[in-house]
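structure.pdb (PDB, C-alpha atoms) appears below.
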```
ATOM      1  CA  MET A   1       0.000   0.000   0.000
ATOM      2  CA  HIS A   2       1.347   3.414  -0.916
ATOM      3  CA  ARG A   3       1.831   5.780   1.986
ATOM      4  CA  ASN A   4       0.075   8.614   0.203
ATOM      5  CA  GLU A   5      -2.976   6.479  -0.564
ATOM      6  CA  THR A   6      -6.102   7.758   1.121
ATOM      7  CA  HIS A   7      -9.419   6.073   1.690
ATOM      8  CA  GLN A   8     -12.673   7.932   1.268
ATOM      9  CA  PRO A   9     -15.446   6.988   3.676
ATOM     10  CA  VAL A  10     -18.232   4.995   2.101
ATOM     11  CA  ARG A  11     -21.462   6.934   2.029
ATOM     12  CA  LEU A  12     -24.518   4.780   2.560
ATOM     13  CA  LEU A  13     -27.567   6.074   0.738
ATOM     14  CA  PRO A  14     -30.961   5.746   2.411
ATOM     15  CA  ARG A  15     -32.908   2.705   1.331
ATOM     16  CA  ARG A  16     -35.765   3.129  -1.126
ATOM     17  CA  LEU A  17     -39.131   2.915   0.588
ATOM     18  CA  PRO A  18     -41.076  -0.309  -0.016
ATOM     19  CA  ASN A  19     -44.100   1.248  -1.719
ATOM     20  CA  GLY A  20     -45.178   4.406  -3.471
ATOM     21  CA  LEU A  21     -47.645   5.533  -0.814
ATOM     22  CA  LEU A  22     -44.916   5.497   1.846
ATOM     23  CA  ALA A  23     -42.676   7.407  -0.572
ATOM     24  CA  TRP A  24     -45.387  10.036  -0.996
ATOM     25  CA  GLN A  25     -45.713  10.343   2.779
ATOM     26  CA  ALA A  26     -41.952  10.695   3.170
ATOM     27  CA  THR A  27     -41.931  13.324   0.432
ATOM     28  CA  LEU A  28     -44.705  15.275   2.176
ATOM     29  CA  ALA A  29     -42.710  15.185   5.412
ATOM     30  CA  TYR A  30     -39.664  16.446   3.498
ATOM     31  CA  ILE A  31     -41.659  19.281   1.912
ATOM     32  CA  ALA A  32     -43.032  20.231   5.331
ATOM     33  CA  ALA A  33     -39.517  20.337   6.784
ATOM     34  CA  GLN A  34     -37.729  22.022   3.883
ATOM     35  CA  HIS A  35     -40.341  24.180   2.147
ATOM     36  CA  SER A  36     -43.586  24.796   4.036
ATOM     37  CA  PRO A  37     -45.033  23.139   7.166
ATOM     38  CA  ASP A  38     -48.568  23.104   5.745
ATOM     39  CA  ALA A  39     -47.789  20.432   3.117
ATOM     40  CA  LEU A  40     -50.886  18.353   2.431
ATOM     41  CA  LEU A  41     -51.927  15.535   0.101
ATOM     42  CA  GLU A  42     -55.608  15.119  -0.755
ATOM     43  CA  LEU A  43     -57.063  12.250  -2.768
ATOM     44  CA  SER A  44     -60.682  11.666  -3.631
ATOM     45  CA  VAL A  45     -62.591   8.921  -5.399
ATOM     46  CA  GLN A  46     -66.140   8.758  -6.662
ATOM     47  CA  PRO A  47     -68.183   6.849  -9.233
ATOM     48  CA  VAL A  48     -68.387   7.947 -12.847
ATOM     49  CA  PRO A  49     -71.901   9.386 -13.377
ATOM     50  CA  GLN A  50     -74.267   7.349 -15.554
ATOM     51  CA  ASN A  51     -71.754   4.548 -15.962
ATOM     52  CA  GLU A  52     -73.241   1.064 -16.033
ATOM     53  CA  ALA A  53     -69.841  -0.553 -15.529
ATOM     54  CA  ALA A  54     -69.677   1.026 -12.045
ATOM     55  CA  ASP A  55     -66.312   2.606 -12.813
ATOM     56  CA  ILE A  56     -64.713   4.993 -10.358
ATOM     57  CA  ARG A  57     -62.294   7.860 -10.894
ATOM     58  CA  TRP A  58     -59.587   9.273  -8.643
ATOM     59  CA  SER A  59     -58.375  12.837  -8.315
ATOM     60  CA  GLY A  60     -55.437  14.172  -6.348
ATOM     61  CA  LYS A  61     -54.036  17.450  -5.090
ATOM     62  CA  VAL A  62     -50.842  18.318  -3.248
ATOM     63  CA  SER A  63     -50.247  21.754  -1.783
ATOM     64  CA  TRP A  64     -47.659  23.577   0.289
ATOM     65  CA  GLY A  65     -47.445  27.305   0.913
ATOM     66  CA  THR A  66     -48.665  29.079  -2.222
ATOM     67  CA  LYS A  67     -47.863  26.122  -4.484
ATOM     68  CA  ALA A  68     -50.224  23.363  -5.592
ATOM     69  CA  GLU A  69     -50.619  20.695  -8.253
ATOM     70  CA  GLN A  70     -53.637  18.538  -9.024
ATOM     71  CA  ILE A  71     -54.890  15.860 -11.389
ATOM     72  CA  GLU A  72     -58.309  14.406 -12.168
ATOM     73  CA  GLY A  73     -59.838  11.385 -13.834
ATOM     74  CA  ALA A  74     -57.294   8.714 -12.888
ATOM     75  CA  PRO A  75     -58.656   5.152 -13.121
ATOM     76  CA  THR A  76     -56.822   3.856 -10.030
ATOM     77  CA  LEU A  77     -55.206   5.102  -6.850
ATOM     78  CA  GLN A  78     -51.837   4.062  -8.236
ATOM     79  CA  ALA A  79     -52.401   6.084 -11.388
ATOM     80  CA  ALA A  80     -53.494   9.128  -9.389
ATOM     81  CA  LEU A  81     -50.373   9.057  -7.235
ATOM     82  CA  THR A  82     -48.158   8.539 -10.288
ATOM     83  CA  LEU A  83     -49.711  11.337 -12.355
ATOM     84  CA  LEU A  84     -49.715  13.755  -9.437
ATOM     85  CA  TRP A  85     -46.012  13.246  -8.793
ATOM     86  CA  GLN A  86     -45.256  13.745 -12.479
ATOM     87  CA  GLU A  87     -46.917  17.160 -12.278
ATOM     88  CA  VAL A  88     -44.963  18.052  -9.139
ATOM     89  CA  GLU A  89     -41.643  16.961 -10.593
ATOM     90  CA  ARG A  90     -42.315  18.736 -13.893
ATOM     91  CA  ASN A  91     -43.007  22.093 -12.256
ATOM     92  CA  HIS A  92     -41.081  22.207  -8.985
ATOM     93  CA  MET A  93     -37.659  21.526  -7.514
ATOM     94  CA  ILE A  94     -38.454  19.590  -4.361
ATOM     95  CA  PHE A  95     -35.267  17.864  -3.240
ATOM     96  CA  ILE A  96     -32.190  19.794  -2.227
ATOM     97  CA  SER A  97     -29.602  17.023  -2.553
ATOM     98  CA  GLU A  98     -29.265  13.896  -4.649
ATOM     99  CA  GLU A  99     -29.451  11.738  -1.539
ATOM    100  CA  ASP A 100     -32.848  13.209  -0.718
ATOM    101  CA  THR A 101     -34.320  11.986  -4.001
ATOM    102  CA  VAL A 102     -34.516   8.440  -2.637
ATOM    103  CA  ARG A 103     -37.880   9.555  -1.232
ATOM    104  CA  ARG A 104     -39.297  10.212  -4.718
ATOM    105  CA  PRO A 105     -42.661   8.497  -5.224
ATOM    106  CA  ALA A 106     -41.608   7.300  -8.669
ATOM    107  CA  GLY A 107     -40.388   4.130 -10.346
ATOM    108  CA  TYR A 108     -42.825   1.813  -8.555
ATOM    109  CA  SER A 109     -44.639  -0.889 -10.484
ATOM    110  CA  ALA A 110     -48.447  -1.090 -10.427
ATOM    111  CA  ASP A 111     -48.473  -3.517  -7.483
ATOM    112  CA  GLU A 112     -45.919  -1.551  -5.436
ATOM    113  CA  TRP A 113     -47.945   1.546  -4.622
ATOM    114  CA  VAL A 114     -49.904   0.259  -1.626
ATOM    115  CA  ASP A 115     -49.196  -2.720   0.623
ATOM    116  CA  ALA A 116     -51.501  -5.706   0.204
ATOM    117  CA  HIS A 117     -53.364  -5.346   3.531
ATOM    118  CA  THR A 118     -54.105  -1.659   2.994
ATOM    119  CA  HIS A 119     -55.209  -2.315  -0.580
ATOM    120  CA  GLU A 120     -57.567  -5.090   0.508
ATOM    121  CA  LEU A 121     -59.190  -3.034   3.252
ATOM    122  CA  LEU A 122     -59.503   0.107   1.138
ATOM    123  CA  TRP A 123     -61.211  -1.825  -1.626
ATOM    124  CA  ARG A 124     -63.534  -3.425   0.896
ATOM    125  CA  VAL A 125     -64.601   0.081   1.920
ATOM    126  CA  LEU A 126     -65.029   1.190  -1.702
ATOM    127  CA  GLU A 127     -66.947  -1.915  -2.796
ATOM    128  CA  THR A 128     -69.262  -1.750   0.212
ATOM    129  CA  THR A 129     -69.852   1.958  -0.310
ATOM    130  CA  GLN A 130     -70.680   1.517  -3.976
ATOM    131  CA  ALA A 131     -72.928  -1.475  -3.294
ATOM    132  CA  VAL A 132     -74.892   0.486  -0.705
ATOM    133  CA  PHE A 133     -74.954   4.020  -2.120
ATOM    134  CA  GLY A 134     -74.739   3.375  -5.853
ATOM    135  CA  GLN A 135     -73.443   6.453  -7.668
ATOM    136  CA  ASP A 136     -74.110   9.003  -4.926
ATOM    137  CA  TRP A 137     -70.955   8.993  -2.841
ATOM    138  CA  GLN A 138     -67.428  10.360  -2.547
ATOM    139  CA  LEU A 139     -64.494   9.279  -0.395
ATOM    140  CA  VAL A 140     -61.827  11.845   0.512
ATOM    141  CA  ILE A 141     -58.390  10.893   1.854
ATOM    142  CA  ILE A 142     -56.133  13.533   3.412
ATOM    143  CA  TYR A 143     -52.553  13.045   4.549
ATOM    144  CA  GLN A 144     -50.648  15.690   6.499
ATOM    145  CA  PRO A 145     -47.266  15.041   8.152
ATOM    146  CA  THR A 146     -48.265  16.276  11.593
ATOM    147  CA  ASP A 147     -46.534  15.486  14.878
ATOM    148  CA  THR A 148     -49.821  14.010  16.125
ATOM    149  CA  PRO A 149     -49.808  10.469  14.667
ATOM    150  CA  HIS A 150     -53.550   9.735  14.878
ATOM    151  CA  LEU A 151     -54.299  12.856  12.794
ATOM    152  CA  ARG A 152     -51.929  12.138   9.920
ATOM    153  CA  VAL A 153     -54.475  10.318   7.756
ATOM    154  CA  GLN A 154     -58.090  11.407   7.708
ATOM    155  CA  LEU A 155     -60.904   9.903   5.623
ATOM    156  CA  ARG A 156     -64.348  11.303   4.995
ATOM    157  CA  LEU A 157     -67.241   9.553   3.301
ATOM    158  CA  LEU A 158     -70.037  11.675   1.807
ATOM    159  CA  ALA A 159     -73.152   9.988   0.409
ATOM    160  CA  ASN A 160     -76.875  10.416  -0.285
ATOM    161  CA  ASN A 161     -76.499  14.032  -1.373
ATOM    162  CA  ASN A 162     -74.268  14.667   1.657
ATOM    163  CA  ALA A 163     -76.954  13.454   4.058
ATOM    164  CA  VAL A 164     -74.455  10.794   5.137
ATOM    165  CA  THR A 165     -71.133  12.121   6.446
ATOM    166  CA  VAL A 166     -68.754   9.727   8.179
ATOM    167  CA  GLY A 167     -65.095  10.148   9.117
ATOM    168  CA  GLY A 168     -62.137   8.028  10.107
ATOM    169  CA  ARG A 169     -58.574   8.784  11.102
ATOM    170  CA  GLY A 170     -55.343   7.149  12.110
ATOM    171  CA  PRO A 171     -51.552   7.199  11.762
ATOM    172  CA  ALA A 172     -51.681   5.231   8.481
ATOM    173  CA  LEU A 173     -54.192   4.725   5.688
ATOM    174  CA  ILE A 174     -55.089   1.222   6.887
ATOM    175  CA  ASP A 175     -55.891   2.572  10.367
ATOM    176  CA  ALA A 176     -58.027   5.412   9.029
ATOM    177  CA  ALA A 177     -59.841   3.077   6.603
ATOM    178  CA  ARG A 178     -60.584   0.620   9.414
ATOM    179  CA  ASP A 179     -61.853   3.469  11.602
ATOM    180  CA  LEU A 180     -64.058   4.773   8.797
ATOM    181  CA  TYR A 181     -65.476   1.326   8.036
ATOM    182  CA  ARG A 182     -66.482   0.812  11.643
ATOM    183  CA  ASN A 183     -67.936   4.316  11.952
ATOM    184  CA  ALA A 184     -69.873   3.876   8.694
ATOM    185  CA  ALA A 185     -71.414   0.526   9.698
ATOM    186  CA  PRO A 186     -74.680   2.087  10.970
ATOM    187  CA  ALA A 187     -75.041   4.175   7.793
ATOM    188  CA  TYR A 188     -74.333   1.146   5.603
ATOM    189  CA  ALA A 189     -76.864  -0.930   7.529
ATOM    190  CA  ALA A 190     -79.541   1.760   7.426
ATOM    191  CA  ALA A 191     -79.140   2.322   3.687
ATOM    192  CA  ALA A 192     -79.045  -1.416   2.967
ATOM    193  CA  GLY A 193     -82.024  -2.161   5.188
ATOM    194  CA  SER A 194     -80.121  -4.514   7.498
ATOM    195  CA  SER A 195     -79.059  -3.994  11.080
ATOM    196  CA  SER A 196     -76.441  -6.729  11.185
ATOM    197  CA  LEU A 197     -74.881  -7.026   7.730
ATOM    198  CA  PHE A 198     -72.210  -4.395   8.332
ATOM    199  CA  GLU A 199     -71.745  -4.573  12.096
ATOM    200  CA  PRO A 200     -68.084  -5.096  13.075
ATOM    201  CA  THR A 201     -67.589  -8.181  15.217
ATOM    202  CA  ASN A 202     -65.101  -6.621  17.611
ATOM    203  CA  ALA A 203     -63.651  -3.120  17.605
ATOM    204  CA  ALA A 204     -60.213  -4.521  18.436
ATOM    205  CA  ASP A 205     -60.162  -7.105  15.670
ATOM    206  CA  PRO A 206     -58.451  -6.103  12.417
ATOM    207  CA  LEU A 207     -60.690  -6.252   9.371
ATOM    208  CA  PRO A 208     -59.411  -8.635   6.690
TER     209      PRO A 208
END
```

Let's see the structure in the file written out as structure tokens.
Amino acid sequence: MHRNETHQPVRLLPRRLPNGLLAWQATLAYIAAQHSPDALLELSVQPVPQNEAADIRWSGKVSWGTKAEQIEGAPTLQAALTLLWQEVERNHMIFISEEDTVRRPAGYSADEWVDAHTHELLWRVLETTQAVFGQDWQLVIIYQPTDTPHLRVQLRLLANNNAVTVGGRGPALIDAARDLYRNAAPAYAAAAGSSSLFEPTNAADPLP
């Protein structure tokens, strides 16, 4: 070994997050820390009017400070998150350093945007809602990187010309979706004409 040979320390880059939704949440936390503390992600889904195939469409909006981007008409949650990030990246410089870009909600395949358990529960909520309320409903999902964990994800279900309004919240989407499903059980049962069809078996048991 030569005496004048020097060794540079190895820099370990942060690991890529396992799914696109977590990457979006990490990006929102980064925006809140580096750009504006009011960073917020809002997603909404509702049925396509007069559509016999019972299709639904997603829209999304991200805002921080005076800046905002939004998209509409995405066929899936994955598509909405993908298209929304493309708008953000096209029009704004978010990350300060190259290392920070590991948070980017990009480069995920179609089945890598939401973990399997969250996907299953969210679709249970959507399928139940559509079966009960037909084409008169909307589900809104809001994520804000607050220091209060149980307020980070908030869901709101509006149905029957806004006569039905139900909320749910939690530290993660699966928690908020579970909370919403339980809170909406009486409204589901009343609209479906059954008092037991949608009753949760135990508030502590996770929904499948």

Practice task
Name the closest residue to Glu99 of chain A among the candidates A:Ala29, A:Ala192, A:Ser63, A:Arg16; distances are taken between atoms, counting all atoms listed in the file.
Solution key: A:Arg16

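Note that atom CA of Arg152 of chain A and atom CA of Leu22 of chain A are 12.6 Å apart.
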
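Proximity to Val153 of chain A at 10 Å, evaluated using all atoms listed in the file and with sequence-adjacent residues fewer than 4 positions away removed, yields Leu41, Glu42, Ile141, Ile142, Tyr143, Gln144, Pro145, Thr146, Pro149, Gly168, Arg169, Gly170, Pro171, Ala172, Leu173, Ile174, Asp175, Ala176 and Ala177 of chain A.
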
Exercise for the section: Quick one: pull the distance between atom CA of Arg103 of chain A and atom CA of Asn19 of chain A, Å, one decimal. Expected result: 10.4 Å

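The residue that comes closest to Gly20 of chain A, out of A:Glu69, A:Ala106, A:Pro47, A:Glu98 and on the basis of all atoms listed in the file, is A:Ala106.
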
Problem - Explicit residues for the PyMOL selection byres ((chain A and resi 21) around 10) (as a VMD selection string) - result: chain A and resid 17 to 20 22 to 27 77 to 78 81 to 82 105 108 112 to 115 173

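You can rank A:Ile71, A:Asp55, A:Glu120, A:Val140 by their closest distance to Leu180 of chain A using all atoms listed in the file, and at the top of that list sits A:Val140.
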
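Minimum atom-to-atom distances from A:Val88, A:Val45, A:Leu40, A:Ala187 to Ala74 of chain A were compared using all atoms listed in the file, and the lowest value belongs to A:Val45.
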
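For the choices A:Ala184, A:Val102, A:Leu158, A:Leu151, the atom-to-atom distance to Thr128 of chain A is smallest for A:Ala184 when using all atoms listed in the file.
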
Exercise for the section: Point out the residue among A:Gly60, A:Pro75, A:Pro37, A:Gly134 with the least atom-to-atom distance to Glu87 of chain A, counting all atoms listed in the file. Expected result: A:Gly60

Practice task
Using atom CA of Asn160 of chain A and atom CA of Ser44 of chain A as the two end points, give the distance in Å to one decimal.
Solution key: 16.6 Å

Practice task
Run the PyMOL selection byres ((chain A and resi 165) around 10) mentally over the shown coordinates, then write out the matched residues as a PyMOL selection string, using the chain letters and numbers from the document.
Solution key: chain A and resi 137-139+156-164+166-167+184+187

Handout entry: Non-local contacts of Ala39 of chain A (7 Å; only C-alpha atoms; under 3 positions in same chain excluded) as a PyMOL selection string
Key = chain A and resi 28+31-32+36+63-64+144

Axis-aligned box for all listed atoms of segment 73-76 of chain A, 4 Å per side, centre and edges in Å to one decimal, as JSON:
```
{"center_x": -58.3, "center_y": 7.6, "center_z": -11.9, "size_x": 11.0, "size_y": 15.5, "size_z": 11.8}
```
